[in-house]
Protein chains: 2
Amino acid sequence: MRKAIVLILISAFQLMLAGTSRAQTKPNIIVFLVDDMGWMDTSLPFGETVMALNKRYHTPNMVKLASQGVKFTNAYAAPVCTPSRVSLMSGMNAAHHMVTNWTSLEKNTPSDFDSKENPFITPKWNINGMSPTAGIPATVQVTPLPQLLKDAGYFTIHVGKAHFAAAGTPAASPYNVGFIVNIAGNIAGQPQSYLGEENYGNMPGKTTYYAVQDLTQYYGTKTFLTEALTLEAKKAMDYPIQKKQPFFLYMAQYAVHLPVNPDDRFYEKYLKNGLDSNSAKYASMVEGMDKSLGDLMDYLEEKKVAQQTVVIFMSDNGGNSVSTARGGALHTQNLPLREGKGSVYEGGIREPMIVKWPGVTKPGTKSDEPVIIEDFFPSILEMAGVSKPKVVQEIDGQSFVPLLKGNAKASQPRILTWHYPNKWKAKELPQIDYMSAIRKGDWKMVYDMKTQQLELYNLKLDLGEANNVASANPEKVKELAKLLSDRFRKWKTLMPTYKATGRLVALPDEL
Amino acid sequence: MRKAIVLILISAFQLMLAGTSRAQTKPNIIVFLVDDMGWMDTSLPFGETVMALNKRYHTPNMVKLASQGVKFTNAYAAPVCTPSRVSLMSGMNAAHHMVTNWTSLEKNTPSDFDSKENPFITPKWNINGMSPTAGIPATVQVTPLPQLLKDAGYFTIHVGKAHFAAAGTPAASPYNVGFIVNIAGNIAGQPQSYLGEENYGNMPGKTTYYAVQDLTQYYGTKTFLTEALTLEAKKAMDYPIQKKQPFFLYMAQYAVHLPVNPDDRFYEKYLKNGLDSNSAKYASMVEGMDKSLGDLMDYLEEKKVAQQTVVIFMSDNGGNSVSTARGGALHTQNLPLREGKGSVYEGGIREPMIVKWPGVTKPGTKSDEPVIIEDFFPSILEMAGVSKPKVVQEIDGQSFVPLLKGNAKASQPRILTWHYPNKWKAKELPQIDYMSAIRKGDWKMVYDMKTQQLELYNLKLDLGEANNVASANPEKVKELAKLLSDRFRKWKTLMPTYKATGRLVALPDEL
């Protein structure tokens, strides 16, 4: 009898332990996503050597994070923001979810520009973004990452820029995609102002949809937006930390997107270093962003949870290389990379990425394996111990968790694709609009829909994509054209049509 | 040995049970706080009989709630909103916390009006509202109710209007007063618009600080603000319900404050019933608010937590009786009560209040005992099992929990006080501005600072405060004058000064 009691009690005890100890075994996960940050906007070199732009910027906390984790030198996103964010939240490639451009503030409103010179009609991409529910016009229905994490016991926090969908649709609100707490995230793809003195844009008569919400406590103060969001994130983490509940913090800084406002904590320094005013402002925003990263890392230490917290650093697309506001001549901002935001050349898609997973990653290592933004979805689920997520979408990403453990190599060369059947700006941007690309191993093929040309680059030898070696490697071009076209056919990827004829633009292997 | 193991296991088991079963033993608590709702804006009679205005309004869910709980017929708040809200959050009387008027949107900006006729300088009341931290100018420092509930294991949710403090101060944000989730609460004391078609006021070029934040997913839809907030509240409750964690939902509807927008779900009905357009719009907003209450109650049933959830219904001040927008002649909207919002006469301070605590309250009962908004603080803490809260402020409220159990009477006649040393509107409102009052038992004394007169009413015989019986009852006047003055001296309550002489207005017992 007594033995039976002991056994029953032991069983009950174990059951309860299993229930309560979940908080201890799952790591916290922070995705620190920067907006519009280029691969070179950092003092941490992601290239083989320290290059000119690495000397311009000061990002000591990125350096520190890299010294504690793995630096990914071949990490990618989509060329503009909403496609990347939807990929992260869904695990799908942009050519598959077909949110190929940024979503407008108002629904049913394409963000694409047009011009007389433009030969194309942009395809019917999902202009309203993603949706957690079926039946919302012009959206891709997905089971979003935060929802799965919440269902798995995570306390899910959204801070900063959301921009998953247009106004009047469910995913306009982070509360509808699985976040328990949301601060400042909605339909806006940029802040109206970074300045507390300008209430982040909330100035009666001048307020637009870009004015940042949820921050009235900082109005009229000198708190830069990046700092305000950091303070709010720390406060939001307090609760799960205290409850010993694993948390997922999606820390999506509005920085370093336009507008370029000086972060006064750092601005003077860059002027003294000889930068022009615009470049100095931009550099101050970069360092403000880096301080946010450092402050969050310090906070994890202070709260004694750093050892059980994964920190993933990423940007959502390449650095802006067409805006005069950030300083510099056209397309010089991401050198040695070609072009910038909007483009499928490396300057538009290659990203600074760092992952620290205490106990898993080896401090101060790097991985040259190609990874892409949709990989975040399966990777984070794997970290969270969600092995078979029930999702409505087909997942394209692959977990990069195996790459975190030492100097692992991918077993198969990874095939990555990009698709931008859109026109980004009113002005003509010949090497940005209407392009697709594919990378396999060191080879990258770029498809310019306007010229109907296929370009080929060897990224190992030619990081700047200066030498098109297509004519010397017809077999490689053919192989990549077929691979890209097969994917697009499988995904039912939409192509533009010719205004003149109404005919579809050919896939690369149909040329 | 085996016995020892059994004992250890039993102890451990009990400890864990104690830890995990907290969710079961603490009730969920919903405060459903309506804005500017008068005592007569309901089909549920709070007076002795069904009166004319009770027949105008349709609030079936208030009737239902009252049938399941206790109706308080002598419940009070302060005459305007921020004072009441700070009292609720702090347990302090307005004459004590000295946030005597509504807080402006911008800090260091008194909301008081002035005029040539006004003989007074308004005292230095706490124009920036309350603050959870010390050292914030023109605020009262308090340990806020949600913080104490959060510390006691509650999942704390803010939905709707906050209006605890001015912009640029901590309590502008519900996140700074202990709420884990905040939807739409900030510095605003009213919405710019209730209409989804108008994005709740978020219309570039027209957006003011009153535009409601956090609701982009409803922009351009026909979702009335009251309904949008209800949907968000249901979603926010899901998480603690699923986690079996007790929650505190502060459901502070913006309704039925100005602006008066028609709630199309109900508007036509009231037109058909013969109301003028403005009155019909207002009545539709009242019924929309009542539907929100009903929807939340239904949701508790659906989620099978109704039996462990306290629901408290309350308004923050009397019905507006000076606005033409809501219809009706001046000061007729709260009849038989005298005056309305802003006034210390019954029309400005007497509130519809209902409390349902399953297993505690007796269905369909009523209590005529006087209670007041600062009583919510100790009452809710008692419900939550917080017996000795560590707070920085001195608490004036008394728990009404003993009144919930059957037909209990207060052991001592309750003394309630009001203080409004302010000028509400630009126009002269002789029976609203610069008044104080005290109630003890059935007696109420009103102090008109402008006329320097003390009025006395017997509320049992004269609910409408039509017969000033001061001259017939000099001893009662003297007693109440002393009681009120003693309190004000103890609390260091601030009085206005005369513009002409710079001298302080006398306390009632100094006349």
# chains A, B, ... in the order shown; residues from 1 in each chain; ligands from 1

$ interface_residues --of "chain B" --to "chain A" --cutoff "8 Å" --atoms "only C-alpha atoms" --output "JSON, numbers by chain"
{"B": [5, 6, 9, 10, 12, 13, 16, 166, 167, 168, 169, 170, 171, 172, 173, 180, 181, 182, 184, 186, 187, 202, 203, 204, 205, 206, 207, 208, 209, 213, 214, 215, 216, 217, 218, 219, 220, 221, 236, 239]}

$ residues_around --residues "region 506-510 of chain B" --least-positions-apart "5" --cutoff "6 Å" --atoms "only C-alpha atoms" --output "PyMOL selection string"
chain B and resi 481-482+485

$ write_last_selection --atoms "C-alpha atoms" --output "PDB file, in the first residue's frame"
ATOM      1  CA  ALA B 481     -18.715  71.632   7.497  1.00  0.00           C
ATOM      2  CA  LYS B 482     -16.325  70.534  10.223  1.00  0.00           C
ATOM      3  CA  SER B 485     -12.827  70.852   6.555  1.00  0.00           C
TER       4      SER B 485
END

$ atom_distance --atom1 "CA of Thr109 (chain A)" --atom2 "CA of Arg487 (chain A)"
27.9 Å

$ atom_distance --atom1 "CA of Val322 (chain B)" --atom2 "CA of Glu339 (chain B)"
8.7 Å

$ select_by_dssp --residues "region 272-433 of chain A" --states "alpha helix (DSSP H)" --output "short mmCIF file (atom, residue, chain, number, x, y, z; two decimals) with N, CA and C atoms, in the first residue's frame"
data_model
loop_
_atom_site.label_atom_id
_atom_site.label_comp_id
_atom_site.auth_asym_id
_atom_site.auth_seq_id
_atom_site.Cartn_x
_atom_site.Cartn_y
_atom_site.Cartn_z
N LYS A 272 32.58 65.12 -36.46
CA LYS A 272 34.01 65.32 -36.15
C LYS A 272 34.90 64.37 -36.94
N SER A 277 26.99 66.04 -43.34
CA SER A 277 25.86 66.05 -42.42
C SER A 277 24.93 64.85 -42.61
N ASN A 278 24.54 64.57 -43.83
CA ASN A 278 23.62 63.46 -44.07
C ASN A 278 24.24 62.11 -43.69
N SER A 279 25.47 61.92 -44.11
CA SER A 279 26.15 60.66 -43.79
C SER A 279 26.33 60.52 -42.28
N ALA A 280 26.60 61.65 -41.62
CA ALA A 280 26.78 61.61 -40.16
C ALA A 280 25.47 61.27 -39.46
N LYS A 281 24.39 61.82 -39.97
CA LYS A 281 23.07 61.50 -39.39
C LYS A 281 22.79 60.01 -39.52
N TYR A 282 23.05 59.51 -40.71
CA TYR A 282 22.79 58.08 -40.94
C TYR A 282 23.66 57.21 -40.03
N ALA A 283 24.93 57.57 -39.93
CA ALA A 283 25.84 56.79 -39.08
C ALA A 283 25.40 56.85 -37.62
N SER A 284 24.84 57.99 -37.21
CA SER A 284 24.36 58.11 -35.82
C SER A 284 23.16 57.19 -35.59
N MET A 285 22.33 57.04 -36.61
CA MET A 285 21.18 56.12 -36.49
C MET A 285 21.66 54.67 -36.40
N VAL A 286 22.70 54.36 -37.17
CA VAL A 286 23.26 53.01 -37.11
C VAL A 286 23.81 52.72 -35.71
N GLU A 287 24.53 53.69 -35.16
CA GLU A 287 25.11 53.44 -33.84
C GLU A 287 24.03 53.41 -32.75
N GLY A 288 22.96 54.21 -32.93
CA GLY A 288 21.83 54.15 -32.00
C GLY A 288 21.19 52.77 -32.02
N MET A 289 21.06 52.22 -33.22
CA MET A 289 20.52 50.86 -33.36
C MET A 289 21.43 49.86 -32.66
N ASP A 290 22.73 50.02 -32.86
CA ASP A 290 23.70 49.11 -32.23
C ASP A 290 23.64 49.22 -30.70
N LYS A 291 23.42 50.44 -30.20
CA LYS A 291 23.31 50.60 -28.76
C LYS A 291 22.07 49.86 -28.23
N SER A 292 21.01 49.88 -29.01
CA SER A 292 19.81 49.14 -28.62
C SER A 292 20.13 47.66 -28.44
N LEU A 293 20.85 47.12 -29.42
CA LEU A 293 21.27 45.72 -29.33
C LEU A 293 22.07 45.49 -28.05
N GLY A 294 23.03 46.37 -27.80
CA GLY A 294 23.86 46.24 -26.60
C GLY A 294 23.06 46.36 -25.32
N ASP A 295 22.13 47.30 -25.30
CA ASP A 295 21.31 47.48 -24.10
C ASP A 295 20.46 46.24 -23.81
N LEU A 296 19.93 45.65 -24.87
CA LEU A 296 19.13 44.43 -24.66
C LEU A 296 20.03 43.29 -24.16
N MET A 297 21.22 43.19 -24.73
CA MET A 297 22.15 42.13 -24.28
C MET A 297 22.54 42.35 -22.81
N ASP A 298 22.82 43.60 -22.47
CA ASP A 298 23.15 43.91 -21.07
C ASP A 298 21.99 43.56 -20.14
N TYR A 299 20.78 43.83 -20.62
CA TYR A 299 19.60 43.56 -19.80
C TYR A 299 19.43 42.07 -19.54
N LEU A 300 19.74 41.27 -20.56
CA LEU A 300 19.67 39.82 -20.39
C LEU A 300 20.67 39.37 -19.31
N GLU A 301 21.84 39.99 -19.34
CA GLU A 301 22.86 39.68 -18.31
C GLU A 301 22.34 40.07 -16.93
N GLU A 302 21.85 41.30 -16.86
CA GLU A 302 21.37 41.84 -15.59
C GLU A 302 20.27 40.95 -15.01
N GLU A 346 23.68 41.94 -55.11
CA GLU A 346 24.04 41.67 -53.70
C GLU A 346 23.77 42.85 -52.76
N GLY A 347 23.96 44.07 -53.26
CA GLY A 347 23.73 45.23 -52.40
C GLY A 347 22.30 45.35 -51.90
N GLY A 348 21.38 44.73 -52.61
CA GLY A 348 19.97 44.83 -52.21
C GLY A 348 19.50 43.70 -51.33
N ILE A 349 20.28 42.63 -51.28
CA ILE A 349 19.76 41.43 -50.61
C ILE A 349 20.70 40.79 -49.59
N PHE A 376 14.45 31.59 -41.26
CA PHE A 376 14.21 31.94 -39.86
C PHE A 376 13.03 31.15 -39.28
N PHE A 377 12.04 30.93 -40.11
CA PHE A 377 10.81 30.25 -39.65
C PHE A 377 11.11 28.84 -39.13
N PRO A 378 11.67 27.94 -39.98
CA PRO A 378 11.96 26.60 -39.44
C PRO A 378 13.06 26.60 -38.38
N SER A 379 14.00 27.54 -38.49
CA SER A 379 15.10 27.58 -37.53
C SER A 379 14.58 27.92 -36.13
N ILE A 380 13.77 28.94 -36.07
CA ILE A 380 13.25 29.39 -34.77
C ILE A 380 12.33 28.33 -34.18
N LEU A 381 11.53 27.71 -35.02
CA LEU A 381 10.67 26.63 -34.52
C LEU A 381 11.51 25.48 -33.97
N GLU A 382 12.61 25.19 -34.65
CA GLU A 382 13.49 24.12 -34.16
C GLU A 382 14.10 24.52 -32.81
N MET A 383 14.54 25.74 -32.70
CA MET A 383 15.07 26.22 -31.43
C MET A 383 14.04 26.10 -30.31
N VAL A 401 19.84 25.77 -38.03
CA VAL A 401 20.35 25.30 -36.74
C VAL A 401 21.56 24.37 -36.91
N PRO A 402 21.54 23.43 -37.90
CA PRO A 402 22.74 22.59 -38.06
C PRO A 402 24.00 23.39 -38.33
N LEU A 403 23.85 24.57 -38.93
CA LEU A 403 25.02 25.40 -39.25
C LEU A 403 25.59 26.11 -38.02
N LEU A 404 24.81 26.09 -36.94
CA LEU A 404 25.25 26.81 -35.74
C LEU A 404 26.28 26.02 -34.96
#

$ select_by_dssp --residues "region 82-276 of chain A" --states "strand (DSSP E or B)" --output "PyMOL selection string"
chain A and resi 120-121+129-131+140-141+155-160+165+181-183+247-252

$ residues_around --residues "region 327-335 of chain B" --least-positions-apart "5" --cutoff "12 Å" --atoms "only C-alpha atoms" --output "PyMOL selection string"
chain B and resi 36-42+46-47+51-54+56-57+258+260+275-283+317-322+340-343+345-352+429+431-432+463-466

$ atom_distance --atom1 "CA of Lys490 (chain B)" --atom2 "CA of Arg414 (chain B)"
17.6 Å

$ residues_around --residues "Asn101 (chain B)" --least-positions-apart "6" --cutoff "9 Å" --atoms "only C-alpha atoms" --output "ChimeraX atom specification"
/B:79-83,94,110-112,125-127,129,420-424
